[in-house]
file work-v3.txt (compact mmCIF, C-alpha atoms and all ligand atoms)
# COMPACT_ATOMS: atom_id res chain seq x y z
CA MET A 27 16.26 -126.79 148.82
CA ILE A 28 12.95 -125.48 147.46
CA PRO A 29 12.24 -122.36 149.58
CA ILE A 30 8.71 -121.52 150.72
CA ASN A 31 8.90 -118.22 148.87
CA LYS A 32 11.33 -116.44 146.61
CA PRO A 33 11.15 -113.05 144.85
CA LEU A 34 11.62 -113.10 141.08
CA ILE A 35 14.19 -110.37 140.44
CA ASP A 36 15.94 -109.90 137.09
CA ASP A 37 17.75 -107.26 135.04
CA GLN A 38 14.67 -105.05 134.80
CA GLU A 39 14.63 -104.35 138.56
CA VAL A 40 18.42 -103.91 138.56
CA ARG A 41 18.22 -101.31 135.77
CA GLU A 42 15.40 -99.41 137.44
CA VAL A 43 17.21 -99.32 140.80
CA LEU A 44 20.39 -98.14 139.09
CA SER A 45 18.49 -95.33 137.42
CA VAL A 46 17.32 -94.12 140.84
CA LEU A 47 20.90 -94.18 142.10
CA GLU A 48 22.16 -92.37 139.02
CA GLU A 49 19.52 -89.66 139.37
CA GLY A 50 20.31 -89.33 143.07
CA ALA A 51 16.64 -88.82 143.97
CA LEU A 52 16.55 -91.46 146.70
CA THR A 53 13.45 -90.16 148.42
CA ASN A 54 11.00 -87.31 148.19
CA ALA A 55 9.32 -85.75 151.19
CA SER A 56 6.68 -83.84 149.24
CA LEU A 57 3.01 -84.71 149.78
CA LYS A 58 2.82 -86.64 146.50
CA GLY A 59 6.16 -88.43 146.88
CA GLY A 60 8.76 -89.07 144.17
CA ARG A 61 8.34 -90.10 140.56
CA ARG A 62 8.54 -93.88 141.16
CA ILE A 63 6.09 -93.63 144.05
CA GLN A 64 3.62 -91.87 141.78
CA ASP A 65 4.21 -94.42 138.99
CA LEU A 66 3.70 -97.34 141.40
CA GLU A 67 0.53 -95.79 142.82
CA ALA A 68 -0.88 -95.33 139.31
CA LEU A 69 -0.15 -98.97 138.40
CA LEU A 70 -1.83 -100.21 141.59
CA ARG A 71 -4.83 -97.90 141.07
CA ASP A 72 -5.28 -99.33 137.62
CA PHE A 73 -4.91 -102.94 138.74
CA LEU A 74 -7.21 -102.57 141.75
CA GLN A 75 -9.68 -100.26 139.98
CA VAL A 76 -9.78 -97.71 142.81
CA ARG A 77 -9.61 -93.91 142.95
CA HIS A 78 -6.55 -93.66 145.21
CA VAL A 79 -3.51 -95.64 146.23
CA VAL A 80 -1.04 -94.32 148.81
CA ALA A 81 2.28 -96.16 148.94
CA VAL A 82 3.98 -96.51 152.33
CA ASN A 83 7.05 -98.31 153.65
CA SER A 84 5.39 -101.52 154.90
CA GLY A 85 2.11 -103.37 155.22
CA THR A 86 2.29 -102.65 158.93
CA ALA A 87 2.51 -98.91 158.20
CA ALA A 88 -0.44 -99.28 155.79
CA LEU A 89 -2.58 -100.75 158.58
CA HIS A 90 -1.37 -98.21 161.16
CA ALA A 91 -1.96 -95.26 158.83
CA SER A 92 -5.44 -96.57 157.92
CA LEU A 93 -6.48 -96.84 161.56
CA LEU A 94 -5.18 -93.31 162.24
CA ALA A 95 -6.98 -91.96 159.16
CA ALA A 96 -10.22 -93.63 160.29
CA GLY A 97 -9.87 -91.85 163.64
CA ILE A 98 -9.47 -95.07 165.64
CA GLY A 99 -7.70 -94.57 168.97
CA GLU A 100 -7.90 -94.77 172.73
CA GLY A 101 -11.03 -96.34 174.16
CA ASP A 102 -11.91 -98.02 170.84
CA GLU A 103 -12.08 -101.73 170.16
CA VAL A 104 -11.02 -103.19 166.84
CA LEU A 105 -12.15 -106.68 165.85
CA LEU A 106 -9.67 -108.86 163.97
CA PRO A 107 -8.68 -112.49 163.65
CA SER A 108 -5.95 -113.90 165.86
CA PHE A 109 -5.01 -116.23 162.99
CA THR A 110 -2.89 -113.65 161.15
CA PHE A 111 0.59 -112.22 161.13
CA VAL A 112 1.05 -110.23 164.33
CA ALA A 113 1.32 -106.95 162.38
CA THR A 114 -2.48 -106.76 162.13
CA ALA A 115 -2.81 -106.64 165.93
CA ASN A 116 0.32 -104.54 166.47
CA ALA A 117 -1.09 -101.82 164.21
CA VAL A 118 -4.21 -101.65 166.40
CA VAL A 119 -2.08 -101.29 169.55
CA ALA A 120 0.10 -98.67 167.81
CA ALA A 121 -3.04 -96.65 167.08
CA GLY A 122 -3.90 -96.75 170.80
CA ALA A 123 -6.93 -99.03 170.44
CA ARG A 124 -7.68 -102.48 171.90
CA PRO A 125 -7.60 -105.57 169.68
CA VAL A 126 -10.51 -107.99 170.13
CA PHE A 127 -9.82 -111.36 168.58
CA VAL A 128 -12.42 -113.18 166.49
CA ASP A 129 -12.36 -116.88 165.57
CA ILE A 130 -12.04 -118.18 162.01
CA LYS A 131 -13.69 -120.82 159.85
CA ARG A 132 -11.73 -124.01 159.49
CA ASP A 133 -12.56 -124.40 155.81
CA ASP A 134 -10.71 -121.30 154.58
CA TYR A 135 -9.09 -119.78 157.72
CA THR A 136 -10.86 -116.42 157.34
CA MET A 137 -13.01 -114.61 159.89
CA ASP A 138 -16.12 -116.38 161.19
CA ILE A 139 -18.90 -113.84 160.76
CA ALA A 140 -21.11 -115.47 163.45
CA ASP A 141 -18.27 -115.13 165.97
CA LEU A 142 -17.66 -111.54 164.84
CA ARG A 143 -21.28 -110.74 165.71
CA ARG A 144 -20.88 -112.23 169.18
CA ARG A 145 -17.81 -110.15 170.04
CA ILE A 146 -19.16 -106.72 169.12
CA THR A 147 -19.57 -104.35 172.09
CA ALA A 148 -20.54 -100.69 172.54
CA LYS A 149 -16.84 -99.83 172.14
CA SER A 150 -16.37 -101.60 168.79
CA ARG A 151 -15.37 -99.10 166.10
CA ALA A 152 -13.67 -101.07 163.36
CA VAL A 153 -13.15 -104.54 161.95
CA ILE A 154 -10.11 -105.82 160.06
CA PRO A 155 -10.86 -108.88 157.92
CA VAL A 156 -7.64 -110.63 156.87
CA HIS A 157 -7.57 -112.39 153.51
CA LEU A 158 -5.16 -114.96 154.88
CA TYR A 159 -3.03 -117.02 152.45
CA GLY A 160 -4.81 -115.06 149.67
CA HIS A 161 -8.19 -116.60 150.60
CA PRO A 162 -10.81 -113.85 150.35
CA CYS A 163 -12.89 -113.36 153.48
CA GLY A 164 -16.65 -113.56 152.83
CA MET A 165 -17.16 -109.84 152.35
CA ASP A 166 -20.95 -109.81 151.86
CA GLY A 167 -21.64 -111.13 155.36
CA LEU A 168 -18.90 -109.02 156.88
CA LEU A 169 -20.09 -105.77 155.28
CA GLU A 170 -23.63 -106.47 156.41
CA VAL A 171 -22.61 -106.89 160.07
CA ALA A 172 -20.22 -103.93 159.89
CA GLY A 173 -22.97 -101.76 158.40
CA LYS A 174 -25.47 -102.74 161.07
CA HIS A 175 -23.03 -101.83 163.87
CA SER A 176 -21.39 -98.80 162.20
CA LEU A 177 -17.95 -100.43 162.12
CA SER A 178 -15.29 -99.09 159.77
CA VAL A 179 -13.98 -101.90 157.57
CA ILE A 180 -10.22 -101.83 156.97
CA GLU A 181 -9.10 -104.86 154.98
CA ASP A 182 -5.79 -106.56 155.60
CA ALA A 183 -5.02 -107.61 152.04
CA CYS A 184 -1.29 -107.89 152.78
CA GLN A 185 -1.28 -111.49 151.53
CA SER A 186 -3.98 -111.18 148.90
CA LEU A 187 -2.92 -108.84 146.10
CA GLY A 188 -4.65 -110.30 143.04
CA SER A 189 -7.26 -112.36 144.93
CA THR A 190 -10.86 -111.55 144.09
CA TYR A 191 -14.25 -111.93 145.75
CA LYS A 192 -17.19 -111.94 143.36
CA GLY A 193 -14.85 -110.64 140.68
CA LYS A 194 -13.64 -107.62 142.68
CA GLN A 195 -10.13 -107.22 144.10
CA THR A 196 -9.68 -107.94 147.80
CA GLY A 197 -8.75 -104.74 149.63
CA THR A 198 -11.32 -102.68 147.72
CA PHE A 199 -14.47 -103.53 149.71
CA GLY A 200 -13.81 -101.59 152.93
CA ILE A 201 -13.12 -97.90 153.41
CA MET A 202 -9.44 -98.79 153.06
CA GLY A 203 -7.46 -101.88 152.03
CA CYS A 204 -3.86 -102.55 153.02
CA TYR A 205 -1.21 -104.36 151.00
CA SER A 206 2.32 -105.51 151.76
CA MET A 207 5.26 -105.70 149.38
CA TYR A 208 7.57 -107.52 151.77
CA ALA A 209 10.17 -109.75 150.10
CA SER A 210 8.09 -112.94 150.32
CA LYS A 211 4.90 -111.52 148.87
CA VAL A 212 3.39 -112.06 145.41
CA ILE A 213 5.19 -108.91 144.28
CA THR A 214 7.86 -107.15 146.29
CA ALA A 215 9.52 -103.81 146.92
CA GLY A 216 11.97 -105.42 149.37
CA GLU A 217 9.94 -103.75 152.09
CA GLY A 218 6.86 -101.76 151.21
CA GLY A 219 3.14 -101.34 151.51
CA ALA A 220 0.16 -99.51 150.04
CA ILE A 221 -3.35 -98.43 150.93
CA ALA A 222 -6.25 -98.42 148.48
CA THR A 223 -9.31 -96.23 148.99
CA ASN A 224 -12.13 -94.67 147.00
CA ASP A 225 -12.57 -91.90 149.58
CA ASP A 226 -10.93 -88.58 148.58
CA SER A 227 -10.68 -87.19 152.10
CA LEU A 228 -9.17 -90.42 153.52
CA ALA A 229 -6.61 -90.39 150.70
CA ASP A 230 -5.64 -86.80 151.58
CA LYS A 231 -5.24 -87.78 155.24
CA LEU A 232 -3.19 -90.87 154.40
CA ARG A 233 -0.76 -88.78 152.32
CA MET A 234 -0.29 -86.48 155.29
CA ILE A 235 0.01 -89.32 157.81
CA ARG A 236 2.83 -90.96 155.83
CA ASN A 237 4.71 -87.67 156.03
CA HIS A 238 4.45 -86.51 159.68
CA GLY A 239 1.07 -84.89 159.06
CA MET A 240 2.70 -82.22 156.88
CA VAL A 241 1.29 -80.69 153.70
CA GLU A 242 3.85 -78.08 152.67
CA GLY A 243 7.05 -78.05 154.65
CA TYR A 244 6.99 -78.05 158.43
CA ASP A 245 3.29 -77.40 158.92
CA THR A 246 2.16 -80.58 160.75
CA GLN A 247 -1.63 -80.49 160.62
CA ILE A 248 -2.46 -83.96 161.95
CA PHE A 249 -0.49 -86.71 163.67
CA GLY A 250 1.70 -88.73 161.35
CA LEU A 251 5.00 -90.53 161.13
CA ASN A 252 7.67 -91.20 158.53
CA MET A 253 5.97 -93.93 156.52
CA ARG A 254 7.48 -92.91 153.18
CA LEU A 255 8.53 -95.62 150.74
CA PRO A 256 12.08 -95.05 149.44
CA GLU A 257 12.35 -94.51 145.67
CA ILE A 258 14.59 -97.58 145.29
CA CYS A 259 11.86 -99.78 146.78
CA ALA A 260 9.20 -98.12 144.62
CA ALA A 261 11.41 -98.73 141.55
CA ILE A 262 11.56 -102.47 142.33
CA ALA A 263 7.81 -102.67 142.96
CA LYS A 264 7.01 -100.74 139.79
CA VAL A 265 8.85 -103.34 137.69
CA GLN A 266 7.23 -106.14 139.68
CA MET A 267 3.77 -104.73 138.90
CA GLY A 268 4.50 -105.37 135.23
CA LYS A 269 5.08 -109.04 136.08
CA LEU A 270 2.09 -109.46 138.39
CA ALA A 271 -0.34 -111.04 135.93
CA GLY A 272 2.28 -113.59 134.84
CA LEU A 273 3.32 -114.37 138.40
CA LEU A 274 -0.30 -115.00 139.39
CA GLU A 275 -0.75 -117.33 136.44
CA VAL A 276 2.28 -119.42 137.36
CA ARG A 277 1.09 -119.70 140.98
CA ARG A 278 -2.37 -120.77 139.79
CA GLY A 279 -0.89 -123.42 137.48
CA ASN A 280 1.33 -124.73 140.28
CA ALA A 281 -1.53 -124.78 142.80
CA ASN A 282 -3.82 -126.65 140.37
CA MET A 283 -1.10 -129.19 139.71
CA MET A 284 -0.51 -129.63 143.44
CA SER A 285 -4.23 -130.16 144.06
CA ASP A 286 -4.41 -132.78 141.30
CA LEU A 287 -1.52 -134.65 142.90
CA LEU A 288 -2.91 -134.48 146.44
CA ARG A 289 -6.67 -134.77 145.87
CA ASP A 290 -6.93 -138.53 146.47
CA CYS A 291 -4.65 -138.42 149.50
CA GLY A 292 -7.29 -138.58 152.24
CA LYS A 293 -4.96 -137.50 155.03
CA VAL A 294 -4.25 -134.08 153.54
CA ARG A 295 -6.92 -131.38 153.47
CA ILE A 296 -6.22 -129.25 150.43
CA PRO A 297 -7.24 -125.60 149.92
CA GLN A 298 -10.17 -124.96 147.61
CA GLU A 299 -11.57 -121.85 145.99
CA GLY A 300 -15.24 -121.20 146.70
CA ARG A 301 -17.88 -120.18 144.18
CA ASP A 302 -17.26 -116.47 144.91
CA SER A 303 -13.52 -116.50 145.48
CA ARG A 304 -10.45 -116.62 143.30
CA PHE A 305 -7.13 -117.01 145.16
CA ASN A 306 -3.82 -115.37 144.27
CA TRP A 307 -2.25 -118.59 145.64
CA TYR A 308 0.19 -116.62 147.78
CA LEU A 309 0.31 -119.70 149.98
CA TYR A 310 -0.84 -123.24 149.31
CA THR A 311 -1.83 -124.34 152.80
CA VAL A 312 -2.89 -127.86 153.70
CA ALA A 313 -4.15 -129.21 157.03
CA ILE A 314 -2.75 -132.49 158.38
CA GLU A 315 -2.35 -134.48 161.58
CA ASP A 316 1.10 -134.67 163.16
CA ARG A 317 2.06 -131.53 161.26
CA ASP A 318 5.40 -130.91 162.97
CA ARG A 319 6.73 -134.37 162.11
CA VAL A 320 5.59 -134.00 158.49
CA LYS A 321 7.29 -130.60 158.33
CA SER A 322 10.62 -132.06 159.58
CA GLU A 323 10.45 -134.88 157.05
CA MET A 324 9.79 -132.41 154.25
CA GLN A 325 12.74 -130.33 155.43
CA ALA A 326 14.98 -133.43 155.40
CA ASN A 327 13.86 -133.96 151.78
CA GLY A 328 14.94 -130.46 150.77
CA ILE A 329 11.50 -128.86 150.80
CA GLY A 330 10.98 -125.64 152.70
CA THR A 331 7.51 -125.57 154.20
CA ALA A 332 6.21 -123.06 156.74
CA VAL A 333 3.64 -122.78 159.51
CA TYR A 334 1.60 -119.58 159.39
CA TYR A 335 0.91 -119.11 162.33
CA ASP A 336 1.71 -121.04 165.48
CA PRO A 337 1.19 -119.66 168.05
CA PRO A 338 -1.75 -117.56 166.89
CA VAL A 339 -1.54 -113.93 168.01
CA HIS A 340 -3.75 -114.29 171.12
CA GLN A 341 -1.41 -116.99 172.46
CA THR A 342 1.84 -115.04 172.00
CA PRO A 343 3.39 -113.94 175.32
CA TYR A 344 2.56 -110.25 174.76
CA TYR A 345 -1.08 -110.66 173.71
CA ARG A 346 -1.81 -113.49 176.17
CA THR A 347 -1.32 -111.11 179.08
CA MET A 348 -3.75 -108.64 177.48
CA ALA A 349 -6.72 -111.05 177.38
CA PRO A 350 -5.76 -114.35 179.04
CA GLU A 351 -9.33 -115.65 178.94
CA THR A 352 -9.59 -115.55 175.10
CA LYS A 353 -10.63 -118.91 173.63
CA LEU A 354 -10.70 -119.39 169.86
CA PRO A 355 -11.16 -123.12 169.18
CA GLU A 356 -10.98 -123.05 165.37
CA THR A 357 -7.95 -120.77 165.43
CA GLU A 358 -6.22 -123.01 167.95
CA TRP A 359 -6.99 -126.13 165.89
CA SER A 360 -5.72 -124.49 162.71
CA ALA A 361 -2.50 -123.31 164.35
CA LYS A 362 -1.67 -126.96 165.14
CA HIS A 363 -2.59 -128.41 161.74
CA VAL A 364 -1.69 -126.01 158.92
CA LEU A 365 1.35 -126.34 156.71
CA SER A 366 2.13 -124.11 153.73
CA LEU A 367 3.85 -125.56 150.67
CA PRO A 368 5.82 -123.67 147.99
CA VAL A 369 3.89 -122.86 144.79
CA HIS A 370 5.72 -119.63 143.87
CA SER A 371 6.93 -118.83 140.39
CA GLY A 372 10.39 -120.27 141.09
CA VAL A 373 8.95 -123.81 141.37
CA ASP A 374 8.65 -125.76 138.12
CA GLU A 375 6.56 -128.83 137.28
CA GLU A 376 9.22 -131.22 138.51
CA GLY A 377 9.40 -129.27 141.78
CA ILE A 378 5.65 -129.56 142.33
CA HIS A 379 5.86 -133.32 141.76
CA ARG A 380 8.74 -133.54 144.24
CA ILE A 381 6.80 -131.59 146.88
CA ALA A 382 3.62 -133.64 146.42
CA SER A 383 5.52 -136.98 146.53
CA ALA A 384 7.42 -135.95 149.65
CA LEU A 385 4.17 -134.96 151.36
CA ARG A 386 2.44 -138.19 150.38
CA ALA A 387 5.38 -140.22 151.69
CA ALA A 388 5.45 -138.25 154.96
CA VAL A 389 1.74 -138.73 155.68
CA LYS A 390 1.66 -142.41 154.61
CA SER A 391 2.53 -143.65 158.06
CA LEU A 392 -0.09 -141.53 159.84
C1 LIG A 401 -1.59 -110.71 157.06
C2 LIG A 401 -0.47 -109.71 157.15
N1 LIG A 401 -0.72 -108.51 157.70
C3 LIG A 401 0.24 -107.57 157.78
C4 LIG A 401 1.51 -107.79 157.30
C5 LIG A 401 2.53 -106.74 157.48
O1 LIG A 401 3.21 -106.41 156.31
P1 LIG A 401 4.72 -105.91 156.36
O2 LIG A 401 5.58 -107.12 156.68
O3 LIG A 401 4.96 -105.40 154.98
O4 LIG A 401 4.82 -104.87 157.40
C6 LIG A 401 1.80 -109.02 156.68
C7 LIG A 401 3.10 -109.29 156.07
O5 LIG A 401 4.05 -109.77 156.46
C8 LIG A 401 0.80 -110.02 156.64
O6 LIG A 401 1.05 -111.21 156.11
call {"tool": "encode", "arguments": {"input": "work-v3.txt", "output": "structure tokens", "more": "lines below"}}
Ligand SMILES: Cc1ncc(COP(=O)(O)O)c(C=O)c1O
result
Amino acid sequence: MIPINKPLIDDQEVREVLSVLEEGALTNASLKGGRRIQDLEALLRDFLQVRHVVAVNSGTAALHASLLAAGIGEGDEVLLPSFTFVATANAVVAAGARPVFVDIKRDDYTMDIADLRRRITAKSRAVIPVHLYGHPCGMDGLLEVAGKHSLSVIEDACQSLGSTYKGKQTGTFGIMGCYSMYASKVITAGEGGAIATNDDSLADKLRMIRNHGMVEGYDTQIFGLNMRLPEICAAIAKVQMGKLAGLLEVRRGNANMMSDLLRDCGKVRIPQEGRDSRFNWYLYTVAIEDRDRVKSEMQANGIGTAVYYDPPVHQTPYYRTMAPETKLPETEWSAKHVLSLPVHSGVDEEGIHRIASALRAAVKSL
């Protein structure tokens, strides 16, 4: 079976984790965090070219902490796509605000800026663009609208570490950008997350928020939670950072090969980079008719594909009750047609050929 995603772990991660265990410094509740946390933050700062990175224990925590740091709470509305992992919306609810769902564009599955404009109200305080599948959202248009309506921009770059828009890393356009290092992501900590910002005072707040609002001992100054990343997870992620450039290159090679093999297959809509965007190829997502049947046939052929996401967040039982009248036609179409194929670094050339052939065979009868 070729899985949809697989972390690339070798002796280097094992050695680094063992060194944490041998030292016995499993975590560190100081404001700055432990040695591996600080090392990981420095590596991310350098890669992203930002002033500050604050590591936390998940992408969800990164989003939650960012909303708290931006002062978003009760009575506020936060605009975000429904076509995302539910964590984006859950973080808004956790901060006490109301999520307002915005439709996407069918060509790259990122936020539709015209629809964003339509859904802004007097209560709108923030917008969370999601760089879904590693496809950068069109940040020029988004920043323009956000600026006009004084919305804080918090990017959900949980799937897009290494993707760029106009040559700049996704997650570095807004006041804060959030990353995930969950096991399936381009690099992993097992579980983990990080926030990038160029704002000194937000960075100070984020460090407090990840540590119950404390600065020195039990002196809680603002609201926070335990969002600390364990040193073992930071040790894994630190090693993974050293592999990031190579991992991105393999994904790009695999994605290009896949596109070459599928380009003339009219029934499959393949993902394409735009003039301004460079993907990290976290997911290679096609759109097809009769998606569920194709998915089962691929599964029977030993190929693990995945649907991200059906149902979309606004149609899940919890969120449906919140705003039952929400209609997002492009999101709803995408949820029924998308299928992600494996292009991770564990798939070799023969694997890509197998995946492409299986897909071509499955769609032949459509
Ligand atoms: C778009 C998006 N947002 C948020 C998250 C939340 O990240 P985590 O699973 O690390 O909490 C994820 C990851 O799963 C994601 O894909």
call {"tool": "atom_distance", "arguments": {"input": "work-v3.txt", "atom1": "atom CA of Pro338 of chain A", "atom2": "atom CA of Lys390 of chain A"}}
result
27.9 Å
call {"tool": "closest_residue", "arguments": {"input": "work-v3.txt", "among": "A:Ala313, A:Val339, A:Ala148, A:Val126", "to": "ligand LIG 401 (chain A)", "atoms": "only C-alpha atoms and all ligand atoms"}}
result
A:Val339
call {"tool": "residues_near_ligand", "arguments": {"input": "work-v3.txt", "ligand": "ligand LIG 401 (chain A)", "cutoff": "7 Å", "atoms": "all atoms listed in the file", "output": "list in words"}}
result
Ser84, Gly85, Thr86, Ala87, Thr110, Phe111, Ala113, Thr114, Val156, Leu158, Asp182, Ala183, Cys184, Gln185, Ser206, Met207, Tyr208, Glu217, Gly218 and Gly219 of chain A
call {"tool": "residues_around", "arguments": {"input": "work-v3.txt", "residues": "Asp138 of chain A", "least_positions_apart": "5", "cutoff": "12 Å", "atoms": "only C-alpha atoms", "output": "VMD selection string"}}
result
chain A and resid 105 to 109 127 to 133 143 to 145 155 to 156 163 to 165 167 to 168 171 354 to 357
call {"tool": "atom_distance", "arguments": {"input": "work-v3.txt", "atom1": "atom CA of Tyr308 of chain A", "atom2": "atom CA of Gly160 of chain A"}}
result
5.6 Å
call {"tool": "closest_residue", "arguments": {"input": "work-v3.txt", "among": "A:Pro297, A:Gly203, A:Gly173, A:Gly101", "to": "Val79 of chain A", "atoms": "only C-alpha atoms"}}
result
A:Gly203
call {"tool": "closest_residue", "arguments": {"input": "work-v3.txt", "among": "A:Gln266, A:Asn54, A:Thr147, A:Thr223", "to": "Asp102 of chain A", "atoms": "only C-alpha atoms"}}
result
A:Thr147
call {"tool": "closest_residue", "arguments": {"input": "work-v3.txt", "among": "A:Asn237, A:His340, A:His157, A:Val364", "to": "Ile296 of chain A", "atoms": "all atoms listed in the file"}}
result
A:Val364
call {"tool": "closest_residue", "arguments": {"input": "work-v3.txt", "among": "A:Leu57, A:Glu351, A:Lys321, A:Asp316", "to": "Ser391 of chain A", "atoms": "only C-alpha atoms"}}
result
A:Asp316
call {"tool": "residues_near_point", "arguments": {"input": "work-v3.txt", "point": "(6.7, -88.4, 142.5)", "cutoff": "12 Å", "atoms": "all atoms listed in the file", "output": "list of chain:residue names"}}
result
A:Ala51, A:Leu52, A:Thr53, A:Asn54, A:Ala55, A:Ser56, A:Leu57, A:Lys58, A:Gly59, A:Gly60, A:Arg61, A:Arg62, A:Ile63, A:Gln64, A:Asp65, A:Leu66, A:Glu67, A:Ala68, A:Val80, A:Ala81, A:Arg254, A:Leu255, A:Pro256, A:Glu257, A:Ala260, A:Ala261
